[in-house]
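*Asks:* After the C-alpha cells below, expect a handful of questions from me.
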Amino acid sequence: MNSRVEPAVILLVEDNPDHSELIARVLDEFDIPKRLVHVTDGETALDYLLRRAQFADPATSPQPNIVLLDLQLPRLNGFEVLQAIKNSVEMRHIPVVIVTTSSAERDIRLAYQRYANSYLVKPVDFQQFTQMLHDLGNYWLGWNQQVGEQPINTSS
Amino acid sequence: MECYGWSSVIALFTEGVLSLAVWHYVMVTLLAGIGLGWRGAIGAVLASSAAIAGLWTLEATGYLPARLVLASPSASAIAIEFILLLTGVILVIVDTQLSAAVRMTRAEIEERTRAEQRLRLALLAARAGAWEWDAATHTVRWSPENYLLLGLNPDSETLTFRRWSRLIHPDDRAAVRAAVDRSINQRTDFEVEFRVRLPDDSIRWLRGIGRPVVNADGILEGMYGLQIDITAQKQIEAEVRRSELYYRSLIEDLPALVCRFQADGTLTFVNDRYCQMFNRSRESLIGTNFYELIPPEQRAQVAAGIAQLSPTNPTMEHEHQVIYPDGSIGWQRWVNRLLLDSDGQPLEFQALGIDITARKKAELDLEQLVTELEARNVELEQFTYAVSHDLKSPLITIKGFASYIERDLATGKIDRIPADVERIKVAADRMYQLLEDLLKLSRAGRQLSGPERINLSLLIGEAAAAVSGRLAERNVYLHLPPDLPAVYGDRTRLREVFQNLLDNAAKFMGDQTAPQIWIEAQLLDQEQMVLVSVRDNGIGIDPRYHERVFGLFERLNQPIEGTGIGLALTRRIVEAHGGKIWVESEGLGKGSTFRLTLPAPPVS
C-alpha cells in the first residue's frame, strides 16, 4: 500500500443523515489521511464538483479522489449526477462508487451503463457494513492508482 | 290451179280414203305437239313427211302400187305437205306460248310449296302448330305439326276440336275456354297458357294464341292461331322461382341483417331482422338513407369504405357504430358487395351485417383491463423497488447505531448514546409510518365503498381539522368558502386527499411569514366534474418536478419529513374516482396550486 502525503478527498452524496453519520464514523476509523465532504442532494454534489456557488474556491473545495454516490437523492438523483460526471472530460477519471440500499437489477445495469466504477449495496448487518467500507477504502484509496486533477485545455 | 283451189284442200279432208290418212296425220302431229312439245311436233311432221316421201319412192319404183301418193295429184301432195308443215308451225307457236304459261304456273306452285315448307320448318323449329277455325262449318283445320305437339300419330287418328279439348289438363280447361270465349265476344286476340296430357301421360305446357277473323260487316268468320310448346320455358321459370325461394328464405332466416342500397345510401331493401334491429317497419325504412342510422362522426369513414367498391373489387368488410332505437350506440360488422348487372355495370349495393356490440364492449373492457393491469404492474414494480429501499434504510440505521451503542457501552463512552438512541427511535417511527402509509395506499386502489353526495366545504373543513396541528404549527391561514359545489365519491378517501394536500401545503411553506392556503372549486358543466384547486404561497415547485411529485417515494426536499407516499396516494384516490390531479407552479418561491377534478353528484 502506498502512503499519501495529500489527504484523500472523499465526496459523500447521501441524503439520509443517519447513514451519512454511520459512514462518517466508519471512515473516521481509517488510518489513511482523508477529508470527507458530505452533501445531501444531487444538485449540491454537482455544484461542488463543478465548483459553483459556495464551492468556487479550489483550495477549500478540492476535486475528490472518489465519489460515494447514493441513488435515491432529492432534486437530481444519483444517475443524473453519475451521468454528469462521466460526460465531463474534466471529471470522468474520478472513480464513482455507488453506495445504495437498492439491489434492483435495473439500477445496477443503469449504473454501469452510465460508467459507474463500482456498485455496492449497503448491508443491513452492521458488521458487514463496516467491513465493506473498510475494503472500499483499502481498495480505492489504497491499492488503486489514480491520476490527479486534469489541467483544463490540455493539448493531446 | 283454179280447180285445185280450197275445194281440193277441203276435199283432202273429206273425200276418200286419203282424207282419213290426212286426219290421222294432223291428229298425230297435234298429239305429238301437245304431248311432247314443239320438238315432238317437228318430229311428227318430219316423220310423216318422211313417210310420205317413202311412200312416194316406193310407189314410184313400183314396189307399191301407185295408189296413195302418186295417185294423188302432185298438187294434193304439195298441199298435204303444206298443211302438215303449217300444222307443225302452228303447233310450235302454240306450244311455245303454252309452255311459257305452264312454266310460270309451275314456278308459282313451287314457290308456294317452298313457302309452305318454310312455314312448316319454322313451326317445327318453334315447336308450334297452326290452326284455323271456320265459324260457318264449325270445323278446325290443324297443321300437321299439331300431331307432333300433342303426341298423336297422324296415320292412325285425326285431330279434332273435341279430341284436342280432351287432351287439355282438367284444371286448365276452364281458363282456356274463358280466354277463347272472351276473344270471340270481344273480337280481341287471346293468349293463354295451359297444360296438355299427352297419350303417354306426360305433361306438356302450351301457349295458345289466336286472332278472330271478322268480315267487313262485323260478322265473325272464324279464328286462326298457333299453339306453342313452352314446357322448357316453364321449367326454367320453375327453377327461377325455386332459386328465388332459396334466396328469400335464406335472407329472412339468416341471423343477420340484410339490406340493399343505392350509392347515396338510400335503402331499397331490408330484411325482417334489419327492421327488428332498428324497430322500424320495412315501409318506413325503404327510401330512407341508412347513414342516418350511423353516428355523424363515423359517416365519412363508412362512405369511404363503400366508395372503394368497384367491378374489380366488389366486396369489402368494415365495422362501425350505429344508433339503436333506444338511443344507445352499438357496433355492427358489415360485408358490402357491389352488385353488377349482366353487362358488368354497377347496379346497387347489397350488405350483410351482424351486431357485434357485445364483442366490441368485451374487447374494449379487456383493453381497459389490460391497460389497468399494466399500470398496476408498473406501479407494483415501482412499489417493491421503493419499499425495499425505504424499509431497508431505517433497518441499517437501527442496526448501525445499536452496534455503536453496544461498543460505546463497552468502552464507557456514553456521551453520544442518547443521540444514537434517538436516531434509532426516529428510524423505528419512520418504519411504522411507512407501513401505515403503504396500507393506506394498498386500500386506495380498491373498489370504493358506496359513493355519496358530499358537501365539499364541510369535507375540506374536516380535513383541515385533522391536520390542524400542522396548520397551527406553521400558523397557516386557510381560505375556505362555505358554498363550494358538491362532489360525489367515497367520503373517507376524499377526506384523505384534502388532508394530504393541506398537510403538504403547510409542510412546504418555507420561510413564508404569512402562510396562506386558498380553496376554490367550480362545476365544469360539460364533464359533470368539479374542478377544485388548493393554492398556497409556499416555496413552490420547480416545473421540472411537476410530474415527479406524484411518484411513489419521491421526496424532492429531504429536510422535510414524510414517507414519499402522500401525493402518490392522493393521485391514486383521485384517479379511482375518475378524476385527474396536477400541480401548477411558476417555480421556487412562487407558491404552488394543486388542481384536481372530482365527479359531481349525478343529476337526479
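Here's how to read the names in the C-alpha cells: chain A, B, ... by the order shown, residue numbers from 1 in each chain, ligand numbers from 1 in the order shown.
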Give me the residues of chain A that have any atom at most 12 Å from an atom of chain B; for each, the nearest atom pair and the distance in Å, rounded to one decimal. Use only C-alpha atoms, sort by chain and number, and format it as a Markdown table.
*Replies:*
```
| residue | atom | partner | partner_atom | distance |
| --- | --- | --- | --- | --- |
| A:Glu14 | CA | B:Gln558 | CA | 10.5 |
| A:Asp15 | CA | B:Gln558 | CA | 6.8 |
| A:Asn16 | CA | B:Gln558 | CA | 8.2 |
| A:Pro17 | CA | B:Thr397 | CA | 9.4 |
| A:Asp18 | CA | B:Thr397 | CA | 5.9 |
| A:His19 | CA | B:Thr397 | CA | 6.3 |
| A:Ser20 | CA | B:Thr397 | CA | 9.8 |
| A:Glu21 | CA | B:Thr397 | CA | 9.4 |
| A:Leu22 | CA | B:Gly400 | CA | 6.7 |
| A:Ile23 | CA | B:Gly400 | CA | 9.6 |
| A:Ala24 | CA | B:Gly400 | CA | 11.9 |
| A:Arg25 | CA | B:Tyr404 | CA | 9.5 |
| A:Val26 | CA | B:Gly400 | CA | 10.2 |
| A:Val39 | CA | B:Gln558 | CA | 11.7 |
| A:Thr40 | CA | B:Gln558 | CA | 8.0 |
| A:Asp41 | CA | B:Gln558 | CA | 8.2 |
| A:Gly42 | CA | B:Leu556 | CA | 10.6 |
| A:Glu43 | CA | B:Leu556 | CA | 11.3 |
| A:Asp70 | CA | B:His389 | CA | 11.2 |
| A:Leu71 | CA | B:His389 | CA | 10.2 |
| A:Gln72 | CA | B:Glu554 | CA | 8.5 |
| A:Leu73 | CA | B:Leu556 | CA | 7.8 |
| A:Pro74 | CA | B:Leu556 | CA | 4.4 |
| A:Arg75 | CA | B:Leu556 | CA | 5.3 |
| A:Leu76 | CA | B:Leu556 | CA | 8.7 |
| A:Asn77 | CA | B:Leu556 | CA | 9.6 |
| A:Thr100 | CA | B:His389 | CA | 8.3 |
| A:Thr101 | CA | B:His389 | CA | 5.3 |
| A:Ser102 | CA | B:His389 | CA | 5.5 |
| A:Ser103 | CA | B:His389 | CA | 8.5 |
| A:Ala104 | CA | B:Tyr385 | CA | 6.9 |
| A:Glu105 | CA | B:Tyr385 | CA | 10.1 |
| A:Arg106 | CA | B:Tyr385 | CA | 9.8 |
| A:Asp107 | CA | B:Tyr385 | CA | 9.8 |
| A:Val121 | CA | B:His389 | CA | 10.4 |
| A:Lys122 | CA | B:Ile396 | CA | 7.9 |
| A:Pro123 | CA | B:Ile396 | CA | 7.3 |
| A:Val124 | CA | B:Ile396 | CA | 4.7 |
| A:Asp125 | CA | B:Lys399 | CA | 6.6 |
| A:Phe126 | CA | B:Gly400 | CA | 5.1 |
| A:Gln127 | CA | B:Ser403 | CA | 8.5 |
| A:Gln128 | CA | B:Gly400 | CA | 10.2 |
| A:Phe129 | CA | B:Gly400 | CA | 8.2 |
| A:Thr130 | CA | B:Gly400 | CA | 9.0 |
```
*Asks:* Neighbours of region 270-278 of chain B within 9 Å (only C-alpha atoms; same-chain residues fewer than 2 positions away dropped), as a list in words?
*Replies:*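 Returned residues: Ile251, Glu252, Asp253, Leu254, Pro255, Ala256, Leu257, Val258, Cys259, Arg260, Phe261, Leu267, Thr268, Arg280, Ser281, Arg282, Leu285, Ile286, Leu293, Ile323, Tyr324, Pro325, Gly353 and Asp355 of chain B.
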*Asks:* Please save C-alpha atoms of the selected residues as a compact mmCIF listing (two decimals), in the first residue's frame.
*Replies:*
```txt
# COMPACT_ATOMS: atom_id res chain seq x y z
CA ILE B 251 -82.31 -13.78 -46.35
CA GLU B 252 -85.19 -13.98 -43.91
CA ASP B 253 -83.87 -16.89 -41.84
CA LEU B 254 -80.24 -15.78 -41.68
CA PRO B 255 -79.43 -14.48 -38.16
CA ALA B 256 -78.08 -11.36 -39.79
CA LEU B 257 -79.16 -8.04 -41.21
CA VAL B 258 -79.50 -7.82 -44.97
CA CYS B 259 -80.11 -4.67 -46.97
CA ARG B 260 -79.65 -3.24 -50.41
CA PHE B 261 -78.96 0.39 -51.06
CA LEU B 267 -82.25 1.78 -48.82
CA THR B 268 -84.04 -0.27 -51.45
CA ARG B 280 -88.99 0.23 -37.65
CA SER B 281 -91.29 -1.04 -40.36
CA ARG B 282 -89.94 -2.02 -43.75
CA LEU B 285 -87.00 2.21 -43.80
CA ILE B 286 -87.04 1.73 -47.56
CA LEU B 293 -78.57 5.30 -38.52
CA ILE B 323 -77.59 4.36 -33.28
CA TYR B 324 -80.19 1.94 -31.94
CA PRO B 325 -83.82 2.92 -31.32
CA GLY B 353 -74.38 -7.30 -41.21
CA ASP B 355 -74.45 -6.84 -34.33
```
*Asks:* Mind giving me the straight-line distance from CA of Phe190 (chain B) to CA of Arg211 (chain B) in Å, one decimal?
*Replies:*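 Atom-to-atom, CA of Phe190 (chain B) and CA of Arg211 (chain B) are spaced 6.6 Å apart.
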*Asks:* So, counting only C-alpha atoms, which residue among A:Asn65, A:Gln131, A:Asn117, A:Ser88 is closest to Val147 (chain A)?
*Replies:*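 Going through A:Asn65, A:Gln131, A:Asn117, A:Ser88 one by one, the smallest distance to Val147 (chain A) is for A:Asn65.
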*Asks:* At what distance in Å, to one decimal, does CA of Leu27 (chain A) lie from CA of Lys413 (chain B)?
*Replies:* 18.8 Å
*Asks:* Near region 518-529 of chain B, within 9 Å and counting only C-alpha atoms, which residues show up once chain neighbours fewer than 3 positions away are dropped, as an mmCIF file with N, CA, C and O atoms, in the first residue's frame?
*Replies:*
```cif
data_model
loop_
_atom_site.group_PDB
_atom_site.id
_atom_site.type_symbol
_atom_site.label_atom_id
_atom_site.label_comp_id
_atom_site.auth_asym_id
_atom_site.auth_seq_id
_atom_site.Cartn_x
_atom_site.Cartn_y
_atom_site.Cartn_z
ATOM 1 N N LEU B 456 -68.586 19.666 -0.216
ATOM 2 C CA LEU B 456 -67.141 19.828 -0.321
ATOM 3 C C LEU B 456 -66.579 20.770 0.759
ATOM 4 O O LEU B 456 -65.514 20.518 1.323
ATOM 5 N N ILE B 460 -63.674 19.547 3.340
ATOM 6 C CA ILE B 460 -62.350 20.164 3.469
ATOM 7 C C ILE B 460 -62.174 20.713 4.891
ATOM 8 O O ILE B 460 -61.073 20.671 5.452
ATOM 9 N N TYR B 477 -53.052 30.314 7.377
ATOM 10 C CA TYR B 477 -54.432 30.771 7.307
ATOM 11 C C TYR B 477 -55.110 30.106 6.111
ATOM 12 O O TYR B 477 -54.632 30.180 4.974
ATOM 13 N N LEU B 478 -56.232 29.446 6.386
ATOM 14 C CA LEU B 478 -56.946 28.712 5.328
ATOM 15 C C LEU B 478 -58.174 29.488 4.868
ATOM 16 O O LEU B 478 -59.046 29.812 5.662
ATOM 17 N N HIS B 479 -58.222 29.793 3.558
ATOM 18 C CA HIS B 479 -59.408 30.455 2.981
ATOM 19 C C HIS B 479 -60.322 29.366 2.433
ATOM 20 O O HIS B 479 -60.032 28.778 1.388
ATOM 21 N N LEU B 480 -61.418 29.089 3.129
ATOM 22 C CA LEU B 480 -62.320 28.009 2.700
ATOM 23 C C LEU B 480 -63.729 28.563 2.508
ATOM 24 O O LEU B 480 -64.443 28.795 3.470
ATOM 25 N N PRO B 481 -64.176 28.794 1.252
ATOM 26 C CA PRO B 481 -65.534 29.306 1.028
ATOM 27 C C PRO B 481 -66.560 28.281 1.510
ATOM 28 O O PRO B 481 -66.341 27.067 1.356
ATOM 29 N N LEU B 484 -68.975 25.732 -1.596
ATOM 30 C CA LEU B 484 -68.363 25.029 -2.732
ATOM 31 C C LEU B 484 -69.365 24.031 -3.308
ATOM 32 O O LEU B 484 -70.205 23.494 -2.590
ATOM 33 N N PRO B 485 -69.290 23.764 -4.631
ATOM 34 C CA PRO B 485 -70.217 22.786 -5.226
ATOM 35 C C PRO B 485 -69.994 21.398 -4.623
ATOM 36 O O PRO B 485 -68.889 21.059 -4.196
ATOM 37 N N ALA B 486 -71.061 20.612 -4.609
ATOM 38 C CA ALA B 486 -70.980 19.270 -4.025
ATOM 39 C C ALA B 486 -70.205 18.341 -4.961
ATOM 40 O O ALA B 486 -70.140 18.567 -6.167
ATOM 41 N N VAL B 487 -69.583 17.331 -4.379
ATOM 42 C CA VAL B 487 -68.910 16.294 -5.174
ATOM 43 C C VAL B 487 -69.530 14.949 -4.828
ATOM 44 O O VAL B 487 -70.382 14.834 -3.924
ATOM 45 N N VAL B 532 -61.377 21.443 -8.433
ATOM 46 C CA VAL B 532 -61.024 22.007 -7.125
ATOM 47 C C VAL B 532 -59.564 22.447 -7.187
ATOM 48 O O VAL B 532 -58.728 21.739 -7.756
ATOM 49 N N SER B 533 -59.253 23.625 -6.616
ATOM 50 C CA SER B 533 -57.844 23.984 -6.547
ATOM 51 C C SER B 533 -57.447 24.334 -5.114
ATOM 52 O O SER B 533 -58.228 24.913 -4.354
ATOM 53 N N VAL B 534 -56.232 23.892 -4.763
ATOM 54 C CA VAL B 534 -55.661 24.148 -3.439
ATOM 55 C C VAL B 534 -54.378 24.937 -3.695
ATOM 56 O O VAL B 534 -53.389 24.385 -4.186
ATOM 57 N N ARG B 535 -54.451 26.246 -3.441
ATOM 58 C CA ARG B 535 -53.332 27.123 -3.791
ATOM 59 C C ARG B 535 -52.637 27.582 -2.508
ATOM 60 O O ARG B 535 -53.308 27.839 -1.499
ATOM 61 N N ASP B 536 -51.303 27.648 -2.540
ATOM 62 C CA ASP B 536 -50.592 28.137 -1.361
ATOM 63 C C ASP B 536 -49.563 29.176 -1.788
ATOM 64 O O ASP B 536 -49.301 29.345 -2.975
ATOM 65 N N GLY B 579 -61.100 11.009 -11.667
ATOM 66 C CA GLY B 579 -60.621 12.389 -11.797
ATOM 67 C C GLY B 579 -59.155 12.448 -12.143
ATOM 68 O O GLY B 579 -58.512 11.430 -12.412
ATOM 69 N N THR B 597 -59.801 17.179 -10.388
ATOM 70 C CA THR B 597 -61.210 17.082 -10.789
ATOM 71 C C THR B 597 -61.818 15.903 -10.061
ATOM 72 O O THR B 597 -61.191 14.853 -9.898
ATOM 73 N N LEU B 598 -63.080 16.100 -9.639
ATOM 74 C CA LEU B 598 -63.823 15.050 -8.942
ATOM 75 C C LEU B 598 -65.222 15.014 -9.528
ATOM 76 O O LEU B 598 -65.726 16.039 -9.994
ATOM 77 N N PRO B 599 -65.858 13.848 -9.527
ATOM 78 C CA PRO B 599 -67.197 13.784 -10.126
ATOM 79 C C PRO B 599 -68.216 14.626 -9.355
ATOM 80 O O PRO B 599 -68.178 14.677 -8.114
ATOM 81 N N ALA B 600 -69.099 15.285 -10.118
ATOM 82 C CA ALA B 600 -70.218 15.995 -9.495
ATOM 83 C C ALA B 600 -71.315 14.975 -9.215
ATOM 84 O O ALA B 600 -71.349 13.926 -9.851
ATOM 85 N N PRO B 601 -72.194 15.233 -8.265
ATOM 86 C CA PRO B 601 -73.259 14.270 -7.992
ATOM 87 C C PRO B 601 -74.142 14.107 -9.227
ATOM 88 O O PRO B 601 -74.354 15.077 -9.955
ATOM 89 N N PRO B 602 -74.629 12.874 -9.475
ATOM 90 C CA PRO B 602 -75.488 12.673 -10.641
ATOM 91 C C PRO B 602 -76.767 13.498 -10.510
ATOM 92 O O PRO B 602 -77.279 13.678 -9.399
#
```
*Asks:* Write out as a VMD selection string all residues of region 38-154 of chain A that backbone DSSP assigns to strand (DSSP E).
*Replies:* chain A and resid 38 to 39 66 to 69 96 to 100 118 to 121
*Asks:* Would you mind exporting C-alpha atoms of the selected residues as a compact mmCIF listing (two decimals), in the first residue's frame?
*Replies:*
```txt
# COMPACT_ATOMS: atom_id res chain seq x y z
CA HIS A 38 -20.74 15.43 2.65
CA VAL A 39 -23.58 16.78 0.51
CA ILE A 66 -13.52 9.31 -5.02
CA VAL A 67 -17.27 9.90 -5.07
CA LEU A 68 -19.55 7.73 -2.89
CA LEU A 69 -22.93 8.17 -4.51
CA VAL A 96 -17.62 6.87 -8.70
CA VAL A 97 -18.75 4.13 -6.33
CA ILE A 98 -22.48 3.66 -5.99
CA VAL A 99 -23.40 3.01 -2.34
CA THR A 100 -27.11 2.35 -2.09
CA SER A 118 -18.33 0.08 -8.74
CA TYR A 119 -21.72 -0.74 -7.31
CA LEU A 120 -22.12 -1.56 -3.62
CA VAL A 121 -25.29 -2.43 -1.71
```
*Asks:* How would you write, as an NGL selection string, the set of residues in region 5-109 of chain A that DSSP gives as alpha helix (DSSP H)?
*Replies:* :A and (17-28 or 42-49 or 78-86 or 105-109)
*Asks:* Do you have the CA of Ser61 (chain A)-CA of Tyr48 (chain A) distance handy?
*Replies:*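 The value is 7.0 Å.
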*Asks:* Calculated over only C-alpha atoms, which of the candidates A:Leu36, A:Met91, A:Met132, A:Leu110 has the smallest distance to Phe79 (chain A)?
*Replies:*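 Checking each of A:Leu36, A:Met91, A:Met132, A:Leu110 against Phe79 (chain A), counting only C-alpha atoms, the winner is A:Leu110.
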*Asks:* Excluding Ala464 (chain B) and residues on its chain fewer than 5 positions from it, collect all residues at most 8 Å away from it, counting only C-alpha atoms, and give them as a ChimeraX atom specification.
*Replies:* /B:471,498-499,502
*Asks:* Could you list, as a list in words, every residue within 9 Å of Leu501 (chain B), counting only C-alpha atoms and ignoring same-chain residues fewer than 4 positions away?
*Replies:* Glu496, Val497, Ala505, Ala506, Val534, Gly566, Leu567, Thr570 and Phe594 of chain B
*Asks:* Identify which of the residues B:Ala179, B:Ala568, B:Lys580, B:Val574 lies closest to Leu438 (chain B), counting only C-alpha atoms when measuring atom-to-atom distances.
*Replies:*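 The shortest atom-to-atom distance to Leu438 (chain B) comes from B:Ala568.
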